[in-house]
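Coordinates as given in structure.cif (mmCIF, C-alpha atoms):
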```cif
data_data
loop_
_atom_site.group_PDB
_atom_site.id
_atom_site.type_symbol
_atom_site.label_atom_id
_atom_site.label_comp_id
_atom_site.auth_asym_id
_atom_site.auth_seq_id
_atom_site.Cartn_x
_atom_site.Cartn_y
_atom_site.Cartn_z
ATOM 1 C CA MET X 1 20.782 -14.030 4.815
ATOM 2 C CA THR X 2 18.461 -11.291 3.547
ATOM 3 C CA SER X 3 18.026 -8.444 6.020
ATOM 4 C CA THR X 4 14.584 -7.287 7.079
ATOM 5 C CA LEU X 5 14.938 -4.077 5.087
ATOM 6 C CA GLU X 6 15.868 -5.987 1.927
ATOM 7 C CA ASP X 7 13.230 -8.722 2.261
ATOM 8 C CA PRO X 8 11.623 -9.014 -1.228
ATOM 9 C CA ALA X 9 8.150 -9.748 0.133
ATOM 10 C CA ARG X 10 8.277 -6.691 2.392
ATOM 11 C CA LEU X 11 9.520 -4.463 -0.418
ATOM 12 C CA ALA X 12 6.775 -5.796 -2.709
ATOM 13 C CA ALA X 13 4.161 -4.976 -0.066
ATOM 14 C CA LEU X 14 5.687 -1.525 0.338
ATOM 15 C CA ALA X 15 5.498 -0.903 -3.417
ATOM 16 C CA ALA X 16 1.932 -2.234 -3.556
ATOM 17 C CA ALA X 17 0.889 0.274 -0.908
ATOM 18 C CA GLY X 18 1.453 2.991 -3.522
ATOM 19 C CA LEU X 19 2.599 5.594 -0.984
ATOM 20 C CA LEU X 20 6.305 5.916 -1.724
ATOM 21 C CA ASP X 21 6.887 9.326 -3.337
ATOM 22 C CA ALA X 22 3.133 9.984 -3.297
ATOM 23 C CA PRO X 23 1.713 13.400 -2.364
ATOM 24 C CA ALA X 24 0.544 13.930 1.202
ATOM 25 C CA GLN X 25 -2.632 12.017 2.002
ATOM 26 C CA GLU X 26 -5.244 13.549 4.300
ATOM 27 C CA PRO X 27 -6.188 10.264 6.062
ATOM 28 C CA PHE X 28 -2.596 9.856 7.263
ATOM 29 C CA ASP X 29 -2.158 13.565 8.014
ATOM 30 C CA ARG X 30 -5.257 13.345 10.195
ATOM 31 C CA LEU X 31 -3.687 10.502 12.170
ATOM 32 C CA THR X 32 -0.380 12.287 12.748
ATOM 33 C CA ARG X 33 -2.215 15.440 13.860
ATOM 34 C CA LEU X 34 -4.198 13.310 16.285
ATOM 35 C CA ALA X 35 -1.011 11.697 17.576
ATOM 36 C CA ALA X 36 0.553 15.087 18.272
ATOM 37 C CA ARG X 37 -2.546 16.173 20.226
ATOM 38 C CA VAL X 38 -3.162 12.959 22.151
ATOM 39 C CA VAL X 39 0.463 12.371 23.139
ATOM 40 C CA ARG X 40 1.161 16.122 23.413
ATOM 41 C CA ALA X 41 4.263 15.825 21.264
ATOM 42 C CA PRO X 42 5.690 18.610 19.091
ATOM 43 C CA ILE X 43 6.578 16.170 16.280
ATOM 44 C CA ALA X 44 4.545 13.284 14.853
ATOM 45 C CA LEU X 45 5.477 11.242 11.792
ATOM 46 C CA MET X 46 4.421 8.279 9.713
ATOM 47 C CA THR X 47 7.397 6.970 7.781
ATOM 48 C CA LEU X 48 7.890 4.256 5.177
ATOM 49 C CA VAL X 49 11.276 2.563 5.056
ATOM 50 C CA ASP X 50 12.651 0.765 2.010
ATOM 51 C CA CYS X 51 16.137 -0.692 1.627
ATOM 52 C CA GLU X 52 17.760 2.622 0.695
ATOM 53 C CA ARG X 53 15.848 5.506 2.279
ATOM 54 C CA GLU X 54 13.127 6.701 4.585
ATOM 55 C CA PHE X 55 10.063 8.382 3.079
ATOM 56 C CA CYS X 56 7.902 10.574 5.281
ATOM 57 C CA ALA X 57 4.302 9.829 4.326
ATOM 58 C CA SER X 58 2.964 12.304 6.877
ATOM 59 C CA ALA X 59 4.533 14.788 9.279
ATOM 60 C CA VAL X 60 3.497 17.325 11.886
ATOM 61 C CA GLY X 61 5.921 19.836 13.406
ATOM 62 C CA ASP X 62 9.177 18.617 11.815
ATOM 63 C CA PRO X 63 10.778 21.098 9.393
ATOM 64 C CA SER X 64 13.439 18.535 8.449
ATOM 65 C CA ALA X 65 10.684 16.377 6.929
ATOM 66 C CA ALA X 66 9.793 19.050 4.374
ATOM 67 C CA ASN X 67 11.549 17.239 1.529
ATOM 68 C CA ARG X 68 9.961 13.982 2.785
ATOM 69 C CA VAL X 69 12.992 11.798 1.969
ATOM 70 C CA GLY X 70 15.731 11.002 4.477
ATOM 71 C CA ASP X 71 18.863 8.901 4.710
ATOM 72 C CA LEU X 72 18.599 5.630 6.567
ATOM 73 C CA SER X 73 21.686 6.644 8.533
ATOM 74 C CA HIS X 74 19.564 9.340 10.224
ATOM 75 C CA SER X 75 16.479 7.167 10.695
ATOM 76 C CA LEU X 76 15.352 5.964 14.101
ATOM 77 C CA CYS X 77 12.347 4.405 12.378
ATOM 78 C CA ARG X 78 14.742 2.005 10.683
ATOM 79 C CA SER X 79 15.308 0.323 14.043
ATOM 80 C CA VAL X 80 11.539 -0.058 14.478
ATOM 81 C CA VAL X 81 11.241 -1.781 11.092
ATOM 82 C CA GLU X 82 14.256 -4.034 11.634
ATOM 83 C CA SER X 83 13.071 -5.194 15.054
ATOM 84 C CA ALA X 84 9.316 -5.078 14.284
ATOM 85 C CA GLU X 85 8.955 -3.731 17.820
ATOM 86 C CA ALA X 86 8.335 -0.403 19.488
ATOM 87 C CA LEU X 87 11.347 1.804 20.185
ATOM 88 C CA VAL X 88 10.794 4.112 23.154
ATOM 89 C CA VAL X 89 13.631 6.373 24.259
ATOM 90 C CA ASP X 90 13.169 9.162 26.801
ATOM 91 C CA ASP X 91 16.584 10.711 26.177
ATOM 92 C CA LEU X 92 18.861 9.643 23.325
ATOM 93 C CA ARG X 93 21.776 11.366 25.036
ATOM 94 C CA ARG X 94 21.637 8.781 27.805
ATOM 95 C CA HIS X 95 20.976 5.761 25.580
ATOM 96 C CA ALA X 96 24.027 3.503 25.280
ATOM 97 C CA ARG X 97 23.396 2.546 21.662
ATOM 98 C CA LEU X 98 21.820 5.746 20.328
ATOM 99 C CA GLN X 99 23.696 8.551 22.083
ATOM 100 C CA SER X 100 25.812 9.171 18.965
ATOM 101 C CA HIS X 101 22.980 8.639 16.476
ATOM 102 C CA PRO X 102 22.772 11.267 13.666
ATOM 103 C CA ALA X 103 19.121 11.878 14.550
ATOM 104 C CA LEU X 104 20.375 13.352 17.810
ATOM 105 C CA GLN X 105 23.623 14.866 16.643
ATOM 106 C CA GLU X 106 22.344 16.473 13.419
ATOM 107 C CA LEU X 107 18.554 16.647 13.651
ATOM 108 C CA GLY X 108 18.288 17.452 17.350
ATOM 109 C CA VAL X 109 15.893 14.634 18.249
ATOM 110 C CA VAL X 110 16.194 13.859 21.968
ATOM 111 C CA GLY X 111 12.999 11.976 22.873
ATOM 112 C CA TYR X 112 11.548 9.372 20.490
ATOM 113 C CA ALA X 113 8.725 6.825 20.600
ATOM 114 C CA GLY X 114 7.842 4.785 17.539
ATOM 115 C CA VAL X 115 5.808 1.682 16.773
ATOM 116 C CA PRO X 116 5.734 -0.446 13.605
ATOM 117 C CA VAL X 117 3.158 -0.004 10.856
ATOM 118 C CA VAL X 118 2.211 -3.612 10.076
ATOM 119 C CA THR X 119 -0.038 -4.722 7.209
ATOM 120 C CA ALA X 120 -2.626 -7.475 7.523
ATOM 121 C CA ASP X 121 -0.197 -9.951 5.953
ATOM 122 C CA GLY X 122 2.467 -9.157 8.548
ATOM 123 C CA HIS X 123 4.839 -6.868 6.656
ATOM 124 C CA VAL X 124 6.358 -3.941 8.539
ATOM 125 C CA LEU X 125 6.292 -1.022 6.101
ATOM 126 C CA GLY X 126 7.499 1.720 8.380
ATOM 127 C CA ALA X 127 6.877 3.411 11.709
ATOM 128 C CA PHE X 128 4.334 5.672 13.353
ATOM 129 C CA CYS X 129 6.202 7.862 15.806
ATOM 130 C CA VAL X 130 6.416 10.997 17.918
ATOM 131 C CA ALA X 131 9.524 12.928 18.873
ATOM 132 C CA ALA X 132 10.729 15.868 20.930
ATOM 133 C CA ARG X 133 13.849 18.022 21.016
ATOM 134 C CA GLU X 134 14.121 17.635 24.765
ATOM 135 C CA PRO X 135 13.906 14.646 27.119
ATOM 136 C CA ARG X 136 10.448 13.169 27.332
ATOM 137 C CA ALA X 137 9.147 10.486 29.684
ATOM 138 C CA TRP X 138 6.796 8.556 27.409
ATOM 139 C CA SER X 139 4.019 6.762 29.270
ATOM 140 C CA ASP X 140 2.421 3.393 28.567
ATOM 141 C CA ASP X 141 -0.694 5.294 27.478
ATOM 142 C CA ASP X 142 1.396 7.267 24.980
ATOM 143 C CA VAL X 143 2.710 4.054 23.430
ATOM 144 C CA ALA X 144 -0.765 2.477 23.424
ATOM 145 C CA ALA X 145 -2.153 5.526 21.602
ATOM 146 C CA LEU X 146 0.603 5.253 18.988
ATOM 147 C CA GLN X 147 -0.179 1.565 18.507
ATOM 148 C CA ASP X 148 -3.866 2.328 17.939
ATOM 149 C CA LEU X 149 -3.078 5.091 15.462
ATOM 150 C CA SER X 150 -0.529 2.907 13.680
ATOM 151 C CA ALA X 151 -3.145 0.151 13.375
ATOM 152 C CA ALA X 152 -5.565 2.676 11.869
ATOM 153 C CA ALA X 153 -2.913 3.719 9.335
ATOM 154 C CA ALA X 154 -2.220 0.076 8.446
ATOM 155 C CA THR X 155 -5.950 -0.563 7.973
ATOM 156 C CA GLU X 156 -6.132 2.398 5.576
ATOM 157 C CA ILE X 157 -3.196 0.981 3.611
ATOM 158 C CA ASP X 158 -4.755 -2.498 3.483
ATOM 159 C CA LEU X 159 -8.116 -1.071 2.368
ATOM 160 C CA ARG X 160 -6.509 0.910 -0.442
ATOM 161 C CA ARG X 161 -4.626 -2.156 -1.588
ATOM 162 C CA ALA X 162 -7.804 -4.277 -1.545
ATOM 163 C CA ILE X 163 -9.675 -1.666 -3.597
ATOM 164 C CA GLY X 164 -6.774 -1.537 -6.039
ATOM 165 C CA ASN X 165 -6.844 -5.325 -6.402
ATOM 166 C CA MET X 166 -10.596 -5.238 -7.067
ATOM 167 C CA ASP X 167 -10.110 -2.567 -9.711
ATOM 168 C CA ASP X 168 -7.432 -4.725 -11.360
ATOM 169 C CA GLN X 169 -9.744 -7.741 -11.361
ATOM 170 C CA HIS X 170 -12.588 -5.737 -12.894
ATOM 171 C CA ARG X 171 -10.215 -4.370 -15.547
ATOM 172 C CA ARG X 172 -9.009 -7.869 -16.433
ATOM 173 C CA LEU X 173 -12.620 -9.069 -16.618
ATOM 174 C CA ARG X 174 -13.558 -6.231 -18.976
ATOM 175 C CA ASP X 175 -10.506 -6.982 -21.145
ATOM 176 C CA SER X 176 -11.427 -10.667 -21.232
ATOM 177 C CA GLU X 177 -15.008 -9.895 -22.243
ATOM 178 C CA ALA X 178 -13.738 -7.528 -24.940
ATOM 179 C CA ARG X 179 -11.456 -10.245 -26.337
ATOM 180 C CA LYS X 180 -14.316 -12.747 -26.351
ATOM 181 C CA ALA X 181 -16.539 -10.260 -28.164
ATOM 182 C CA ALA X 182 -13.821 -9.626 -30.750
ATOM 183 C CA ILE X 183 -13.382 -13.347 -31.328
ATOM 184 C CA LEU X 184 -17.130 -13.848 -31.651
ATOM 185 C CA GLU X 185 -17.345 -10.925 -34.049
ATOM 186 C CA SER X 186 -14.845 -12.474 -36.440
ATOM 187 C CA ALA X 187 -15.614 -16.157 -35.930
ATOM 188 C CA LEU X 188 -16.855 -18.209 -38.927
ATOM 189 C CA ASP X 189 -17.882 -21.200 -36.804
ATOM 190 C CA CYS X 190 -21.100 -21.924 -35.031
ATOM 191 C CA VAL X 191 -21.929 -24.531 -32.385
ATOM 192 C CA VAL X 192 -24.982 -26.742 -32.855
ATOM 193 C CA THR X 193 -26.211 -29.355 -30.380
ATOM 194 C CA MET X 194 -28.971 -31.943 -30.628
ATOM 195 C CA ASP X 195 -31.465 -32.753 -27.910
ATOM 196 C CA ALA X 196 -32.963 -36.157 -27.106
ATOM 197 C CA GLY X 197 -35.523 -35.706 -29.888
ATOM 198 C CA ALA X 198 -32.777 -35.194 -32.497
ATOM 199 C CA ARG X 199 -33.755 -31.551 -32.772
ATOM 200 C CA ARG X 200 -30.923 -29.188 -33.566
ATOM 201 C CA ARG X 201 -30.251 -26.282 -31.238
ATOM 202 C CA LEU X 202 -27.975 -23.379 -32.123
ATOM 203 C CA GLN X 203 -25.851 -22.678 -29.040
ATOM 204 C CA SER X 204 -23.586 -19.947 -30.376
ATOM 205 C CA CYS X 205 -22.658 -18.518 -33.686
ATOM 206 C CA GLY X 206 -20.006 -16.104 -34.834
ATOM 207 C CA ARG X 207 -21.334 -12.895 -36.307
ATOM 208 C CA ALA X 208 -19.197 -13.407 -39.403
ATOM 209 C CA HIS X 209 -20.938 -16.759 -39.906
ATOM 210 C CA LEU X 210 -24.324 -15.129 -39.451
ATOM 211 C CA ARG X 211 -23.441 -12.569 -42.102
ATOM 212 C CA LEU X 212 -22.481 -15.393 -44.505
ATOM 213 C CA LEU X 213 -25.795 -17.116 -43.802
ATOM 214 C CA ALA X 214 -27.648 -13.875 -44.409
ATOM 215 C CA ARG X 215 -25.886 -13.306 -47.735
ATOM 216 C CA GLY X 216 -26.601 -16.892 -48.740
ATOM 217 C CA GLY X 217 -30.271 -16.437 -47.925
ATOM 218 C CA ARG X 218 -30.488 -13.279 -50.029
ATOM 219 C CA ARG X 219 -28.879 -15.025 -52.991
ATOM 220 C CA ALA X 220 -31.261 -17.950 -52.667
ATOM 221 C CA ARG X 221 -34.280 -15.650 -52.724
ATOM 222 C CA ALA X 222 -32.872 -13.776 -55.704
ATOM 223 C CA GLU X 223 -32.519 -16.997 -57.628
#
```
Turn this file's structure into structure tokens for me.
Amino acid sequence: MTSTLEDPARLAALAAAGLLDAPAQEPFDRLTRLAARVVRAPIALMTLVDCEREFCASAVGDPSAANRVGDLSHSLCRSVVESAEALVVDDLRRHARLQSHPALQELGVVGYAGVPVVTADGHVLGAFCVAAREPRAWSDDDVAALQDLSAAAATEIDLRRAIGNMDDQHRRLRDSEARKAAILESALDCVVTMDAGARRRLQSCGRAHLRLLARGGRRARAE
């Protein structure tokens, strides 16, 4: 069975978001700064998780996120994506499952609260989270604030994708019109219809055909 991280539809949605390996984006940086202020956390992140790595789309206060790419083995956000649920831990050192996690042992993360970033079509792309290097009792209001900010980030992603789709449609339409114009330019045929009074009506005519008619008319006059 395909794991959540390896789900093709999720990975396609992640690629379509266009944020993996992209430069920092101010709309997302604004949200992580707001998270750090509202929740009063020293570290705030928005991460994107594919099947091989974690990419930090935005970060506040975390020097380890400077290179923006991390191993999944060190990712707490991976658990958020796999479960599609919030992960709230006051003290990783006292958590039965996470007390030996590399995020604690090597990165020094002690308190963590993260919620999924979910697109309109239901794909979990990553996590919006805050962290601390000491125990932290996260409140329900803290988690609610993260959920609101994560929803705002997901809306931004969905909007960008919708605009990209519209641009693609407009590009295809322009290409189609250009192909039609090229065909009409070189066409030798014309379409003629007749109305109820047996009168002929020219519906369309290739420009090449019009040029032939024009040359024929000039020859006729010359004769």
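Going from atom CA of Ala35 of chain X over to atom CA of Asp140 of chain X, you cover 14.2 Å.
Applied to the file shown here, the PyMOL selection byres ((chain X and resi 21) around 10) selects the residues X:Gly18, X:Leu19, X:Leu20, X:Ala22, X:Pro23, X:Ala24, X:Leu48, X:Phe55, X:Cys56, X:Ala57, X:Arg68, X:Val69.
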task = Evaluate the PyMOL selection byres ((chain X and resi 117-129) around 6) on the structure here and hand back the selected residues as a ChimeraX atom specification.
result = /X:10,14,44-49,77,81,113-116,130,150,154
query = If you count only C-alpha atoms, which residues fall within 9 Å of Pro102 of chain X, apart from same-chain ones fewer than 4 positions away, as a list in words?
reply =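 The neighbour list is Ser73, His74, Ser75, Leu98, Glu106, Leu107, Gly108 and Val109 of chain X.
Around Asp141 of chain X, within 12 Å and counting only C-alpha atoms, the residues found are Ala35, Val38, Val39, Arg40, Ala113, Ala137, Trp138, Ser139, Val143, Ala144, Ala145, Leu146, Gln147 and Asp148 of chain X, once anything fewer than 2 positions away on its own chain is removed.
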request  = Work out how far apart atom CA of Ala16 of chain X and atom CA of Arg78 of chain X are and give it in Å to one decimal.
outcome  = 19.6 Å
ask   = So what do you get for atom CA of Val88 of chain X versus atom CA of Cys51 of chain X, distance-wise?
value =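 Between atom CA of Val88 of chain X and atom CA of Cys51 of chain X the gap is 22.7 Å.
Distances here use only C-alpha atoms; by that measure, the residue among X:Ile163, X:Leu11, X:Ala153, X:Ala103 closest to Ser64 of chain X is X:Ala103.
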Some atoms are missing, so please complete segment 133-157 of chain X with N, CA and C atoms and return it as a PDB file, in the frame of the given file.
```pdb
ATOM      1  N   ARG X 133      12.467  17.548  21.018  1.00  0.00           N
ATOM      2  CA  ARG X 133      13.849  18.022  21.016  1.00  0.00           C
ATOM      3  C   ARG X 133      14.382  18.233  22.433  1.00  0.00           C
ATOM      4  N   GLU X 134      13.708  17.628  23.363  1.00  0.00           N
ATOM      5  CA  GLU X 134      14.121  17.635  24.765  1.00  0.00           C
ATOM      6  C   GLU X 134      13.727  16.301  25.376  1.00  0.00           C
ATOM      7  N   PRO X 135      14.277  15.934  26.510  1.00  0.00           N
ATOM      8  CA  PRO X 135      13.906  14.646  27.119  1.00  0.00           C
ATOM      9  C   PRO X 135      12.402  14.561  27.362  1.00  0.00           C
ATOM     10  N   ARG X 136      11.890  13.369  27.168  1.00  0.00           N
ATOM     11  CA  ARG X 136      10.448  13.169  27.332  1.00  0.00           C
ATOM     12  C   ARG X 136      10.205  11.788  27.942  1.00  0.00           C
ATOM     13  N   ALA X 137       9.486  11.757  29.036  1.00  0.00           N
ATOM     14  CA  ALA X 137       9.147  10.486  29.684  1.00  0.00           C
ATOM     15  C   ALA X 137       7.851   9.968  29.067  1.00  0.00           C
ATOM     16  N   TRP X 138       7.971   9.100  28.086  1.00  0.00           N
ATOM     17  CA  TRP X 138       6.796   8.556  27.409  1.00  0.00           C
ATOM     18  C   TRP X 138       6.093   7.560  28.323  1.00  0.00           C
ATOM     19  N   SER X 139       4.790   7.658  28.410  1.00  0.00           N
ATOM     20  CA  SER X 139       4.019   6.762  29.270  1.00  0.00           C
ATOM     21  C   SER X 139       3.520   5.553  28.486  1.00  0.00           C
ATOM     22  N   ASP X 140       3.023   4.556  29.223  1.00  0.00           N
ATOM     23  CA  ASP X 140       2.421   3.393  28.567  1.00  0.00           C
ATOM     24  C   ASP X 140       1.208   3.812  27.738  1.00  0.00           C
ATOM     25  N   ASP X 141       0.467   4.802  28.233  1.00  0.00           N
ATOM     26  CA  ASP X 141      -0.694   5.294  27.478  1.00  0.00           C
ATOM     27  C   ASP X 141      -0.261   5.959  26.173  1.00  0.00           C
ATOM     28  N   ASP X 142       0.874   6.652  26.205  1.00  0.00           N
ATOM     29  CA  ASP X 142       1.396   7.267  24.980  1.00  0.00           C
ATOM     30  C   ASP X 142       1.683   6.188  23.935  1.00  0.00           C
ATOM     31  N   VAL X 143       2.347   5.131  24.357  1.00  0.00           N
ATOM     32  CA  VAL X 143       2.710   4.054  23.430  1.00  0.00           C
ATOM     33  C   VAL X 143       1.450   3.342  22.934  1.00  0.00           C
ATOM     34  N   ALA X 144       0.486   3.124  23.830  1.00  0.00           N
ATOM     35  CA  ALA X 144      -0.765   2.477  23.424  1.00  0.00           C
ATOM     36  C   ALA X 144      -1.509   3.324  22.392  1.00  0.00           C
ATOM     37  N   ALA X 145      -1.499   4.642  22.575  1.00  0.00           N
ATOM     38  CA  ALA X 145      -2.153   5.526  21.602  1.00  0.00           C
ATOM     39  C   ALA X 145      -1.460   5.428  20.249  1.00  0.00           C
ATOM     40  N   LEU X 146      -0.138   5.392  20.247  1.00  0.00           N
ATOM     41  CA  LEU X 146       0.603   5.253  18.988  1.00  0.00           C
ATOM     42  C   LEU X 146       0.276   3.925  18.308  1.00  0.00           C
ATOM     43  N   GLN X 147       0.150   2.873  19.084  1.00  0.00           N
ATOM     44  CA  GLN X 147      -0.179   1.565  18.507  1.00  0.00           C
ATOM     45  C   GLN X 147      -1.561   1.577  17.868  1.00  0.00           C
ATOM     46  N   ASP X 148      -2.518   2.233  18.515  1.00  0.00           N
ATOM     47  CA  ASP X 148      -3.866   2.328  17.939  1.00  0.00           C
ATOM     48  C   ASP X 148      -3.854   3.147  16.645  1.00  0.00           C
ATOM     49  N   LEU X 149      -3.132   4.248  16.650  1.00  0.00           N
ATOM     50  CA  LEU X 149      -3.078   5.091  15.462  1.00  0.00           C
ATOM     51  C   LEU X 149      -2.309   4.404  14.333  1.00  0.00           C
ATOM     52  N   SER X 150      -1.265   3.674  14.692  1.00  0.00           N
ATOM     53  CA  SER X 150      -0.529   2.907  13.680  1.00  0.00           C
ATOM     54  C   SER X 150      -1.413   1.832  13.063  1.00  0.00           C
ATOM     55  N   ALA X 151      -2.225   1.170  13.895  1.00  0.00           N
ATOM     56  CA  ALA X 151      -3.145   0.151  13.375  1.00  0.00           C
ATOM     57  C   ALA X 151      -4.164   0.776  12.428  1.00  0.00           C
ATOM     58  N   ALA X 152      -4.625   1.993  12.752  1.00  0.00           N
ATOM     59  CA  ALA X 152      -5.565   2.676  11.869  1.00  0.00           C
ATOM     60  C   ALA X 152      -4.909   3.011  10.532  1.00  0.00           C
ATOM     61  N   ALA X 153      -3.640   3.429  10.571  1.00  0.00           N
ATOM     62  CA  ALA X 153      -2.913   3.719   9.335  1.00  0.00           C
ATOM     63  C   ALA X 153      -2.734   2.449   8.510  1.00  0.00           C
ATOM     64  N   ALA X 154      -2.396   1.342   9.161  1.00  0.00           N
ATOM     65  CA  ALA X 154      -2.220   0.076   8.446  1.00  0.00           C
ATOM     66  C   ALA X 154      -3.528  -0.388   7.817  1.00  0.00           C
ATOM     67  N   THR X 155      -4.640  -0.196   8.523  1.00  0.00           N
ATOM     68  CA  THR X 155      -5.950  -0.563   7.973  1.00  0.00           C
ATOM     69  C   THR X 155      -6.263   0.251   6.722  1.00  0.00           C
ATOM     70  N   GLU X 156      -5.939   1.542   6.750  1.00  0.00           N
ATOM     71  CA  GLU X 156      -6.132   2.398   5.576  1.00  0.00           C
ATOM     72  C   GLU X 156      -5.310   1.894   4.395  1.00  0.00           C
ATOM     73  N   ILE X 157      -4.065   1.507   4.669  1.00  0.00           N
ATOM     74  CA  ILE X 157      -3.196   0.981   3.611  1.00  0.00           C
ATOM     75  C   ILE X 157      -3.762  -0.314   3.049  1.00  0.00           C
TER      76      ILE X 157
END
```
